[in-house]
>>> print(open('start-v9.csv').read())   # CSV, C-alpha atoms and all ligand atoms
chain,number,residue,atom,x,y,z
A,29,MET,CA,24.6,138.6,86.4
A,30,GLN,CA,24.0,136.9,89.6
A,31,ALA,CA,26.2,136.7,92.7
A,32,LEU,CA,26.4,133.2,94.1
A,33,ASN,CA,27.9,132.2,97.4
A,34,VAL,CA,29.7,129.0,96.8
A,35,GLY,CA,31.4,128.0,100.0
A,36,GLU,CA,33.7,130.8,101.0
A,37,GLU,CA,33.7,132.2,97.6
A,38,GLN,CA,31.5,134.8,96.0
A,39,CYS,CA,31.2,133.9,92.3
A,40,PHE,CA,29.6,135.9,89.5
A,41,ILE,CA,27.8,134.4,86.6
A,42,LYS,CA,26.0,136.4,84.0
A,43,SER,CA,22.4,135.7,85.0
A,44,GLY,CA,21.9,132.2,86.5
A,45,PRO,CA,19.4,130.1,88.2
A,46,ARG,CA,16.1,131.8,88.1
A,47,GLU,CA,14.3,133.1,91.1
A,48,PRO,CA,10.8,134.6,91.2
A,49,THR,CA,11.3,138.3,90.6
A,50,GLU,CA,9.0,141.2,91.5
A,51,ALA,CA,7.2,142.3,88.4
A,52,LEU,CA,8.8,145.5,87.1
A,53,HIS,CA,6.3,148.0,85.8
A,54,PHE,CA,7.7,150.3,83.2
A,55,SER,CA,6.1,152.1,80.3
A,56,LEU,CA,7.0,150.6,77.0
A,57,ALA,CA,7.7,153.9,75.4
A,58,SER,CA,8.3,154.8,71.9
A,59,LYS,CA,7.3,152.1,69.5
A,60,ALA,CA,9.2,154.4,67.2
A,61,LYS,CA,12.4,154.0,69.1
A,62,ASN,CA,11.9,150.2,69.0
A,63,THR,CA,11.4,150.4,65.2
A,64,TYR,CA,14.5,152.5,64.9
A,65,ILE,CA,16.6,149.9,66.6
A,66,THR,CA,15.2,147.2,64.4
A,67,LYS,CA,16.0,149.3,61.3
A,68,CYS,CA,19.7,149.8,62.4
A,69,PHE,CA,20.0,146.1,62.9
A,70,HIS,CA,18.5,145.5,59.5
A,71,GLN,CA,21.0,147.9,57.9
A,72,LYS,CA,23.9,146.0,59.5
A,73,TYR,CA,22.8,142.4,59.0
A,74,GLY,CA,20.3,142.5,56.1
A,75,LYS,CA,16.8,141.1,56.2
A,76,LEU,CA,15.6,139.8,59.5
A,77,SER,CA,14.0,136.5,59.8
A,78,HIS,CA,10.7,136.6,61.8
A,79,ARG,CA,12.4,134.7,64.6
A,80,TRP,CA,15.2,137.3,65.0
A,81,GLU,CA,12.8,140.2,64.9
A,82,SER,CA,10.9,138.9,68.0
A,83,ILE,CA,14.2,138.6,69.9
A,84,LEU,CA,15.3,142.0,68.8
A,85,LYS,CA,12.1,143.5,70.1
A,86,GLN,CA,12.6,141.9,73.5
A,87,HIS,CA,16.1,143.4,73.5
A,88,ALA,CA,14.9,146.8,72.4
A,89,GLN,CA,12.3,146.7,75.2
A,90,PHE,CA,15.0,146.0,77.7
A,91,ASP,CA,17.3,148.7,76.3
A,92,ILE,CA,14.6,151.4,76.5
A,93,PHE,CA,14.1,150.6,80.2
A,94,ALA,CA,17.8,150.4,80.9
A,95,SER,CA,18.4,153.8,79.2
A,96,ALA,CA,15.7,155.5,81.2
A,97,TRP,CA,16.9,153.9,84.5
A,98,LEU,CA,20.5,155.0,83.7
A,99,ALA,CA,19.6,158.5,82.9
A,100,SER,CA,17.7,159.0,86.1
A,101,TYR,CA,20.5,157.4,88.2
A,102,LEU,CA,23.2,159.6,86.6
A,103,GLU,CA,21.0,162.7,87.2
A,104,SER,CA,21.1,161.9,90.9
A,105,GLY,CA,24.8,162.4,90.7
A,106,LYS,CA,25.8,158.8,91.0
A,107,THR,CA,28.1,156.8,88.7
A,108,ILE,CA,27.9,153.7,86.5
A,109,TYR,CA,31.4,152.6,85.6
A,110,CYS,CA,30.7,150.6,82.4
A,111,ARG,CA,32.8,152.0,79.6
A,112,GLU,CA,33.4,151.2,76.0
A,113,GLY,CA,36.4,148.8,75.8
A,114,CYS,CA,35.9,147.6,79.4
A,115,ALA,CA,35.3,143.9,79.2
A,116,GLY,CA,35.9,142.6,82.7
A,117,CYS,CA,32.5,141.0,82.8
A,118,CYS,CA,33.2,139.2,79.5
A,119,ASN,CA,35.6,137.0,81.4
A,120,LEU,CA,32.8,135.4,83.4
A,121,ALA,CA,30.6,132.5,82.4
A,122,VAL,CA,27.9,133.9,80.1
A,123,HIS,CA,24.3,132.8,80.5
A,124,GLY,CA,21.6,133.0,77.9
A,125,THR,CA,18.4,131.4,76.4
A,126,TRP,CA,18.2,129.1,73.4
A,127,PRO,CA,16.2,131.6,71.3
A,128,GLU,CA,18.9,134.3,71.8
A,129,ALA,CA,21.6,131.7,70.9
A,130,VAL,CA,19.8,130.8,67.7
A,131,ALA,CA,19.6,134.4,66.7
A,132,VAL,CA,23.3,134.9,67.2
A,133,ALA,CA,24.2,131.7,65.3
A,134,GLY,CA,22.4,133.3,62.3
A,135,ILE,CA,24.7,136.3,62.2
A,136,LEU,CA,28.2,134.9,62.9
A,137,SER,CA,31.0,135.3,60.4
A,138,ALA,CA,33.4,132.4,59.6
A,139,GLN,CA,36.0,134.0,61.8
A,140,GLN,CA,33.7,134.3,64.7
A,141,ALA,CA,32.6,130.7,64.3
A,142,THR,CA,36.3,129.7,64.4
A,143,TYR,CA,36.9,131.5,67.6
A,144,LEU,CA,33.8,130.0,69.0
A,145,THR,CA,34.9,126.5,68.1
A,146,GLY,CA,38.3,127.0,69.8
A,147,TYR,CA,36.6,128.2,72.9
A,148,ILE,CA,34.2,125.3,73.0
A,149,ASN,CA,37.0,122.8,72.4
A,150,ARG,CA,38.9,124.2,75.4
A,151,LEU,CA,35.8,124.1,77.6
A,152,ASN,CA,35.0,120.5,76.6
A,153,LYS,CA,38.5,119.4,77.4
A,154,ALA,CA,38.3,120.9,80.9
A,155,LEU,CA,34.8,119.6,81.6
A,156,PRO,CA,35.8,116.3,83.3
A,157,GLU,CA,37.7,118.4,85.9
A,158,LEU,CA,34.9,120.8,86.6
A,159,THR,CA,33.0,118.9,89.2
A,160,ASP,CA,30.9,121.6,90.7
A,161,LEU,CA,29.6,125.1,90.2
A,162,LYS,CA,32.5,126.7,92.1
A,163,SER,CA,35.2,125.0,89.9
A,164,TYR,CA,33.1,125.8,86.7
A,165,LEU,CA,32.9,129.5,87.5
A,166,ARG,CA,36.5,129.8,88.6
A,167,TYR,CA,37.7,128.0,85.4
A,168,HIS,CA,35.8,130.6,83.3
A,169,ARG,CA,37.1,133.5,85.3
A,170,GLN,CA,40.8,132.4,85.5
A,171,THR,CA,41.6,130.0,82.7
A,172,LEU,CA,39.2,129.7,79.8
A,173,GLY,CA,39.7,133.2,78.4
A,174,PRO,CA,37.1,135.8,77.6
A,175,CYS,CA,33.9,135.2,75.8
A,176,PRO,CA,34.6,134.1,72.2
A,177,PHE,CA,32.5,137.0,70.9
A,178,LEU,CA,34.9,139.6,72.4
A,179,ASN,CA,37.0,141.0,69.6
A,180,GLU,CA,40.7,142.0,69.6
A,181,ARG,CA,39.7,145.6,70.3
A,182,GLY,CA,38.0,144.5,73.5
A,183,ALA,CA,34.5,145.1,72.1
A,184,CYS,CA,31.5,142.8,71.8
A,185,SER,CA,31.4,141.6,68.2
A,186,ILE,CA,27.7,140.7,68.5
A,187,TYR,CA,26.7,143.8,70.4
A,188,PRO,CA,23.3,144.4,68.8
A,189,MET,CA,22.4,140.7,69.6
A,190,ARG,CA,24.2,140.2,72.9
A,191,PRO,CA,22.0,138.3,75.3
A,192,LEU,CA,19.9,139.9,78.0
A,193,SER,CA,22.3,138.7,80.7
A,194,CYS,CA,25.0,140.9,79.2
A,195,ARG,CA,22.6,143.9,78.6
A,196,ALA,CA,21.6,143.7,82.3
A,197,LEU,CA,25.0,144.4,83.7
A,198,LEU,CA,25.5,147.9,85.0
A,199,SER,CA,28.4,148.2,87.4
A,200,THR,CA,28.3,150.6,90.4
A,201,ARG,CA,32.0,150.0,91.1
A,202,PRO,CA,35.2,150.4,89.0
A,203,SER,CA,35.8,147.6,86.5
A,204,ALA,CA,38.6,146.0,88.6
A,205,TRP,CA,35.8,144.7,90.9
A,206,CYS,CA,34.2,142.8,88.1
A,207,THR,CA,37.1,140.3,88.0
A,208,VAL,CA,38.0,140.0,91.6
A,209,ASP,CA,38.3,136.6,93.1
A,210,PHE,CA,36.5,137.2,96.4
A,211,SER,CA,38.0,134.0,97.9
A,212,GLU,CA,41.4,135.6,97.7
A,213,LEU,CA,40.4,139.0,99.1
A,214,ASP,CA,41.5,140.1,102.5
A,215,PRO,CA,38.5,139.9,104.9
A,216,TRP,CA,38.9,143.7,105.7
A,217,ASP,CA,38.8,144.6,102.0
A,218,LYS,CA,35.8,142.4,101.5
A,219,GLN,CA,34.0,144.0,104.4
A,220,ALA,CA,34.9,147.5,103.1
A,221,TYR,CA,33.7,146.5,99.7
A,222,GLU,CA,30.4,145.2,100.9
A,223,SER,CA,29.7,148.1,103.2
A,224,SER,CA,30.4,150.5,100.4
A,225,LEU,CA,27.6,149.1,98.2
A,226,ASP,CA,24.4,151.0,97.8
A,227,ARG,CA,21.9,148.3,99.0
A,228,GLN,CA,19.0,150.3,97.6
A,229,VAL,CA,20.3,149.8,94.1
A,230,VAL,CA,22.6,146.7,93.8
A,231,ALA,CA,21.8,143.0,93.7
A,232,TRP,CA,23.7,142.6,96.9
A,233,PRO,CA,26.3,141.3,97.5
A,234,SER,CA,27.3,142.1,94.0
A,235,HIS,CA,27.9,145.7,92.7
A,236,TYR,CA,25.6,145.3,89.7
A,237,VAL,CA,22.3,147.1,89.4
A,238,ALA,CA,19.4,144.9,90.6
A,239,ALA,CA,16.6,146.6,88.5
A,240,THR,CA,18.2,145.8,85.2
A,241,GLN,CA,19.0,142.2,86.2
A,242,ASP,CA,15.4,141.7,87.4
A,243,LEU,CA,14.0,142.8,84.1
A,244,GLY,CA,16.6,140.8,82.2
A,245,ARG,CA,15.5,137.6,84.0
A,246,GLU,CA,11.9,138.4,83.5
A,247,LEU,CA,12.3,138.8,79.8
A,248,GLU,CA,14.4,135.7,79.6
A,249,GLU,CA,11.6,133.8,81.4
A,250,THR,CA,9.2,135.2,78.8
A,251,LEU,CA,11.3,133.8,76.0
A,252,LEU,CA,11.6,130.4,77.7
A,253,VAL,CA,7.9,130.2,78.4
A,254,LYS,CA,7.1,130.9,74.8
A,255,MET,CA,9.6,128.2,73.7
A,256,GLN,CA,8.1,125.7,76.1
A,257,GLN,CA,4.6,126.4,74.8
A,258,LYS,CA,5.8,125.8,71.3
A,259,LYS,CA,8.1,122.8,71.8
A,260,GLY,CA,7.1,121.3,75.2
A,261,TRP,CA,10.6,122.1,76.6
A,262,SER,CA,13.0,125.0,76.9
A,263,LEU,CA,16.7,125.3,77.0
A,264,SER,CA,19.0,127.8,78.7
A,265,GLY,CA,22.6,127.9,80.1
A,266,ASN,CA,26.1,128.5,78.7
A,267,PHE,CA,25.5,131.0,75.9
A,268,PRO,CA,28.6,130.3,73.6
A,269,LEU,CA,27.9,126.6,73.9
A,270,MET,CA,24.3,127.0,72.7
A,271,VAL,CA,25.4,129.1,69.8
A,272,TRP,CA,27.9,126.4,68.9
A,273,LEU,CA,25.2,123.8,69.2
A,274,GLU,CA,23.0,125.6,66.8
A,275,LEU,CA,25.8,126.2,64.3
A,276,ASN,CA,26.8,122.5,64.4
A,277,CYS,CA,23.5,120.7,64.8
A,278,GLN,CA,20.8,123.2,63.5
A,279,LEU,CA,18.5,122.1,66.3
A,280,SER,CA,16.1,125.0,65.5
A,281,GLU,CA,15.3,123.3,62.2
A,282,ARG,CA,14.1,120.2,63.9
A,283,ASP,CA,10.6,121.3,64.9
A,284,ASN,CA,9.4,117.9,66.2
A,285,MET,CA,12.4,117.1,68.4
A,286,ASP,CA,11.4,116.2,71.9
A,287,SER,CA,13.5,116.7,75.0
A,288,LYS,CA,14.6,113.0,75.0
A,289,GLU,CA,16.1,113.4,71.6
A,290,LEU,CA,17.7,116.7,72.7
A,291,CYS,CA,19.4,114.9,75.7
A,292,GLU,CA,20.7,112.3,73.3
A,293,VAL,CA,22.2,115.0,71.1
A,294,LEU,CA,23.9,116.5,74.1
A,295,ALA,CA,25.2,113.2,75.4
A,296,ALA,CA,26.6,112.3,71.9
A,297,ARG,CA,28.7,115.5,72.1
A,298,ALA,CA,29.7,115.0,75.8
A,299,ILE,CA,28.0,118.3,76.8
A,300,ASP,CA,25.2,116.7,78.8
A,301,SER,CA,26.2,118.4,82.0
A,302,SER,CA,23.8,120.3,84.2
A,303,LEU,CA,26.6,122.8,84.8
A,304,LEU,CA,26.3,123.8,81.2
A,305,LEU,CA,22.7,123.6,80.2
A,306,THR,CA,19.2,123.4,81.8
A,307,ILE,CA,16.2,121.8,80.1
A,308,SER,CA,13.0,122.9,81.7
A,309,GLY,CA,9.5,121.6,81.7
A,310,SER,CA,10.3,118.2,80.2
A,311,GLY,CA,11.0,115.9,83.0
A,312,GLN,CA,14.4,115.5,81.3
A,313,SER,CA,17.7,117.0,82.4
A,314,PRO,CA,21.2,116.8,80.8
A,315,GLY,CA,23.3,114.1,82.4
A,316,GLY,CA,20.4,112.8,84.4
A,317,TYR,CA,20.8,115.5,87.1
A,401,LIG,S1,28.3,138.4,74.4
A,401,LIG,FE1,29.4,140.3,74.1
A,401,LIG,S2,29.0,141.5,76.0
A,401,LIG,FE2,28.4,139.3,76.4
A,401,LIG,S3,30.2,138.4,77.4
A,401,LIG,FE3,30.3,138.0,75.2
A,401,LIG,S4,31.6,139.7,74.4
A,401,LIG,FE4,30.9,140.3,76.4
>>> encode(input="start-v9.csv", output="structure tokens")
Amino acid sequence: MQALNVGEEQCFIKSGPREPTEALHFSLASKAKNTYITKCFHQKYGKLSHRWESILKQHAQFDIFASAWLASYLESGKTIYCREGCAGCCNLAVHGTWPEAVAVAGILSAQQATYLTGYINRLNKALPELTDLKSYLRYHRQTLGPCPFLNERGACSIYPMRPLSCRALLSTRPSAWCTVDFSELDPWDKQAYESSLDRQVVAWPSHYVAATQDLGRELEETLLVKMQQKKGWSLSGNFPLMVWLELNCQLSERDNMDSKELCEVLAARAIDSSLLLTISGSGQSPGGY
């Protein structure tokens, strides 16, 4: 997640525009652990396609780092407030990469696909009113409803395949802070909040851990670079929308599609907005932005 200052408001989006990040050096431990995670996934979802396996390995790589970071942070007597059933951050705009979205599209049940379609229909309907990033993020937080992959028990229904932007969120403050509208916060409360943050650890001015977000962005970038090498372009942005796009258009099957054709597909479905999606390395952008 990234904190964005949009005018007076501090808005949160899961991941977001990329910035160069410091390379994070960590030991890629236990190949065995990596294999174990793949095996658990295999038991739940059946045989993996080669494509899913490579995403899963990226995710496992991230999870190994995050577990080690978390263990050492907790040992120092500090607290991370993320708990099972706490889904505050699932009410924010969710960012992801196209390869991650394709992998999730491959495991959705009919019921999950129905929730997803309802969510995308609501988003599409509101789109003409969402004229800038501020209104787009606020609409997600206040009106659209939670991520369509959040189930009725408040748990992530695609947990093993949730994107890196979700994995990267570790909250150093109680969950109530994850959904606060900072534009409505009393200036004194805002000041108290900001001065309470551990600047050595958080991606200031958010209360989320910086190290996991940096690695998440770095691994996302790796996925996008690989995609660009293969296709000549890469796609990232609104995660549920990309999953819906794959379910409905099977773009991953169209090996020779160029970025111009992709823009045409997006325009035909009225989702060619740069608020929603980013096409990189092609000279093309949705909606001509
Ligand atoms: S993918 Fe899962 S963890 Fe991420 S926002 Fe959706 S429900 Fe929450």
>>> closest_residue(input="start-v9.csv", among="A:Asn179, A:Asn266, A:Gln89, A:Thr125", to="ligand LIG 401 (chain A)", atoms="all atoms listed in the file")
A:Asn179
>>> closest_atom_pairs(input="start-v9.csv", of="stretch 123-232 of chain A", to="stretch 237-255 of chain A", cutoff="10 Å", atoms="all atoms listed in the file", output="JSON lines")
{"residue": "A:Gly124", "atom": "CA", "partner": "A:Glu248", "partner_atom": "CA", "distance": 7.9}
{"residue": "A:Thr125", "atom": "CA", "partner": "A:Glu248", "partner_atom": "CA", "distance": 6.7}
{"residue": "A:Trp126", "atom": "CA", "partner": "A:Leu252", "partner_atom": "CA", "distance": 8.0}
{"residue": "A:Pro127", "atom": "CA", "partner": "A:Leu251", "partner_atom": "CA", "distance": 7.1}
{"residue": "A:Glu128", "atom": "CA", "partner": "A:Leu251", "partner_atom": "CA", "distance": 8.7}
{"residue": "A:Pro191", "atom": "CA", "partner": "A:Glu248", "partner_atom": "CA", "distance": 9.1}
{"residue": "A:Leu192", "atom": "CA", "partner": "A:Gly244", "partner_atom": "CA", "distance": 5.4}
{"residue": "A:Ser193", "atom": "CA", "partner": "A:Gly244", "partner_atom": "CA", "distance": 6.3}
{"residue": "A:Cys194", "atom": "CA", "partner": "A:Gly244", "partner_atom": "CA", "distance": 8.9}
{"residue": "A:Arg195", "atom": "CA", "partner": "A:Gly244", "partner_atom": "CA", "distance": 7.7}
{"residue": "A:Ala196", "atom": "CA", "partner": "A:Gln241", "partner_atom": "CA", "distance": 4.9}
{"residue": "A:Leu197", "atom": "CA", "partner": "A:Val237", "partner_atom": "CA", "distance": 6.9}
{"residue": "A:Leu198", "atom": "CA", "partner": "A:Val237", "partner_atom": "CA", "distance": 5.5}
{"residue": "A:Ser199", "atom": "CA", "partner": "A:Val237", "partner_atom": "CA", "distance": 6.5}
{"residue": "A:Thr200", "atom": "CA", "partner": "A:Val237", "partner_atom": "CA", "distance": 7.0}
{"residue": "A:Asp226", "atom": "CA", "partner": "A:Val237", "partner_atom": "CA", "distance": 9.5}
{"residue": "A:Arg227", "atom": "CA", "partner": "A:Ala238", "partner_atom": "CA", "distance": 9.4}
{"residue": "A:Gln228", "atom": "CA", "partner": "A:Ala238", "partner_atom": "CA", "distance": 8.8}
{"residue": "A:Val229", "atom": "CA", "partner": "A:Val237", "partner_atom": "CA", "distance": 5.8}
{"residue": "A:Val230", "atom": "CA", "partner": "A:Val237", "partner_atom": "CA", "distance": 4.4}
{"residue": "A:Ala231", "atom": "CA", "partner": "A:Ala238", "partner_atom": "CA", "distance": 4.4}
{"residue": "A:Trp232", "atom": "CA", "partner": "A:Ala238", "partner_atom": "CA", "distance": 8.0}
>>> atom_distance(input="start-v9.csv", atom1="atom CA of A:Ser224", atom2="atom CA of A:Gly113")
25.4 Å
>>> residues_near_ligand(input="start-v9.csv", ligand="ligand LIG 401 (chain A)", cutoff="10 Å", atoms="only C-alpha atoms and all ligand atoms", output="PyMOL selection string")
chain A and resi 42+114-124+132+174-179+182-197+267-268
>>> atom_distance(input="start-v9.csv", atom1="atom CA of A:Ser203", atom2="atom CA of A:Cys110")
7.2 Å
>>> closest_atom_pairs(input="start-v9.csv", of="stretch 191-278 of chain A", to="stretch 284-291 of chain A", cutoff="10 Å", atoms="all atoms listed in the file", output="tab-separated table")
residue	atom	partner	partner_atom	distance
A:Lys259	CA	A:Asp286	CA	7.4
A:Gly260	CA	A:Asp286	CA	7.4
A:Trp261	CA	A:Ser287	CA	6.3
A:Ser262	CA	A:Ser287	CA	8.5
A:Leu263	CA	A:Ser287	CA	9.4
>>> closest_atom_pairs(input="start-v9.csv", of="stretch 58-175 of chain A", to="stretch 271-281 of chain A", cutoff="12 Å", atoms="only C-alpha atoms", output="Markdown table")
| residue | atom | partner | partner_atom | distance |
| --- | --- | --- | --- | --- |
| A:Arg79 | CA | A:Ser280 | CA | 10.4 |
| A:Val122 | CA | A:Val271 | CA | 11.6 |
| A:His123 | CA | A:Val271 | CA | 11.4 |
| A:Gly124 | CA | A:Val271 | CA | 9.8 |
| A:Thr125 | CA | A:Val271 | CA | 9.9 |
| A:Trp126 | CA | A:Val271 | CA | 8.0 |
| A:Pro127 | CA | A:Ser280 | CA | 8.8 |
| A:Glu128 | CA | A:Val271 | CA | 8.6 |
| A:Ala129 | CA | A:Val271 | CA | 4.7 |
| A:Val130 | CA | A:Glu274 | CA | 6.2 |
| A:Ala131 | CA | A:Val271 | CA | 8.4 |
| A:Val132 | CA | A:Val271 | CA | 6.7 |
| A:Ala133 | CA | A:Val271 | CA | 5.3 |
| A:Gly134 | CA | A:Leu275 | CA | 8.1 |
| A:Ile135 | CA | A:Leu275 | CA | 10.4 |
| A:Leu136 | CA | A:Leu275 | CA | 9.1 |
| A:Ser137 | CA | A:Leu275 | CA | 11.2 |
| A:Ala138 | CA | A:Leu275 | CA | 10.9 |
| A:Gln140 | CA | A:Trp272 | CA | 10.7 |
| A:Ala141 | CA | A:Trp272 | CA | 7.9 |
| A:Thr142 | CA | A:Trp272 | CA | 10.1 |
| A:Tyr143 | CA | A:Trp272 | CA | 10.4 |
| A:Leu144 | CA | A:Trp272 | CA | 6.9 |
| A:Thr145 | CA | A:Trp272 | CA | 7.0 |
| A:Gly146 | CA | A:Trp272 | CA | 10.5 |
| A:Tyr147 | CA | A:Trp272 | CA | 9.7 |
| A:Ile148 | CA | A:Trp272 | CA | 7.6 |
| A:Asn149 | CA | A:Trp272 | CA | 10.4 |
| A:Leu151 | CA | A:Trp272 | CA | 12.0 |
>>> write_last_selection(input="start-v9.csv", atoms="C-alpha atoms", output="compact mmCIF listing (two decimals), in the coordinates of the input")
# COMPACT_ATOMS: atom_id res chain seq x y z
CA ARG A 79 12.40 134.70 64.60
CA VAL A 122 27.90 133.90 80.10
CA HIS A 123 24.30 132.80 80.50
CA GLY A 124 21.60 133.00 77.90
CA THR A 125 18.40 131.40 76.40
CA TRP A 126 18.20 129.10 73.40
CA PRO A 127 16.20 131.60 71.30
CA GLU A 128 18.90 134.30 71.80
CA ALA A 129 21.60 131.70 70.90
CA VAL A 130 19.80 130.80 67.70
CA ALA A 131 19.60 134.40 66.70
CA VAL A 132 23.30 134.90 67.20
CA ALA A 133 24.20 131.70 65.30
CA GLY A 134 22.40 133.30 62.30
CA ILE A 135 24.70 136.30 62.20
CA LEU A 136 28.20 134.90 62.90
CA SER A 137 31.00 135.30 60.40
CA ALA A 138 33.40 132.40 59.60
CA GLN A 140 33.70 134.30 64.70
CA ALA A 141 32.60 130.70 64.30
CA THR A 142 36.30 129.70 64.40
CA TYR A 143 36.90 131.50 67.60
CA LEU A 144 33.80 130.00 69.00
CA THR A 145 34.90 126.50 68.10
CA GLY A 146 38.30 127.00 69.80
CA TYR A 147 36.60 128.20 72.90
CA ILE A 148 34.20 125.30 73.00
CA ASN A 149 37.00 122.80 72.40
CA LEU A 151 35.80 124.10 77.60
>>> atom_distance(input="start-v9.csv", atom1="atom CA of A:Glu157", atom2="atom CA of A:Ala204")
27.7 Å
>>> closest_residue(input="start-v9.csv", among="A:Leu269, A:Leu213, A:Ala94, A:Leu102", to="A:Arg297", atoms="all atoms listed in the file")
A:Leu269
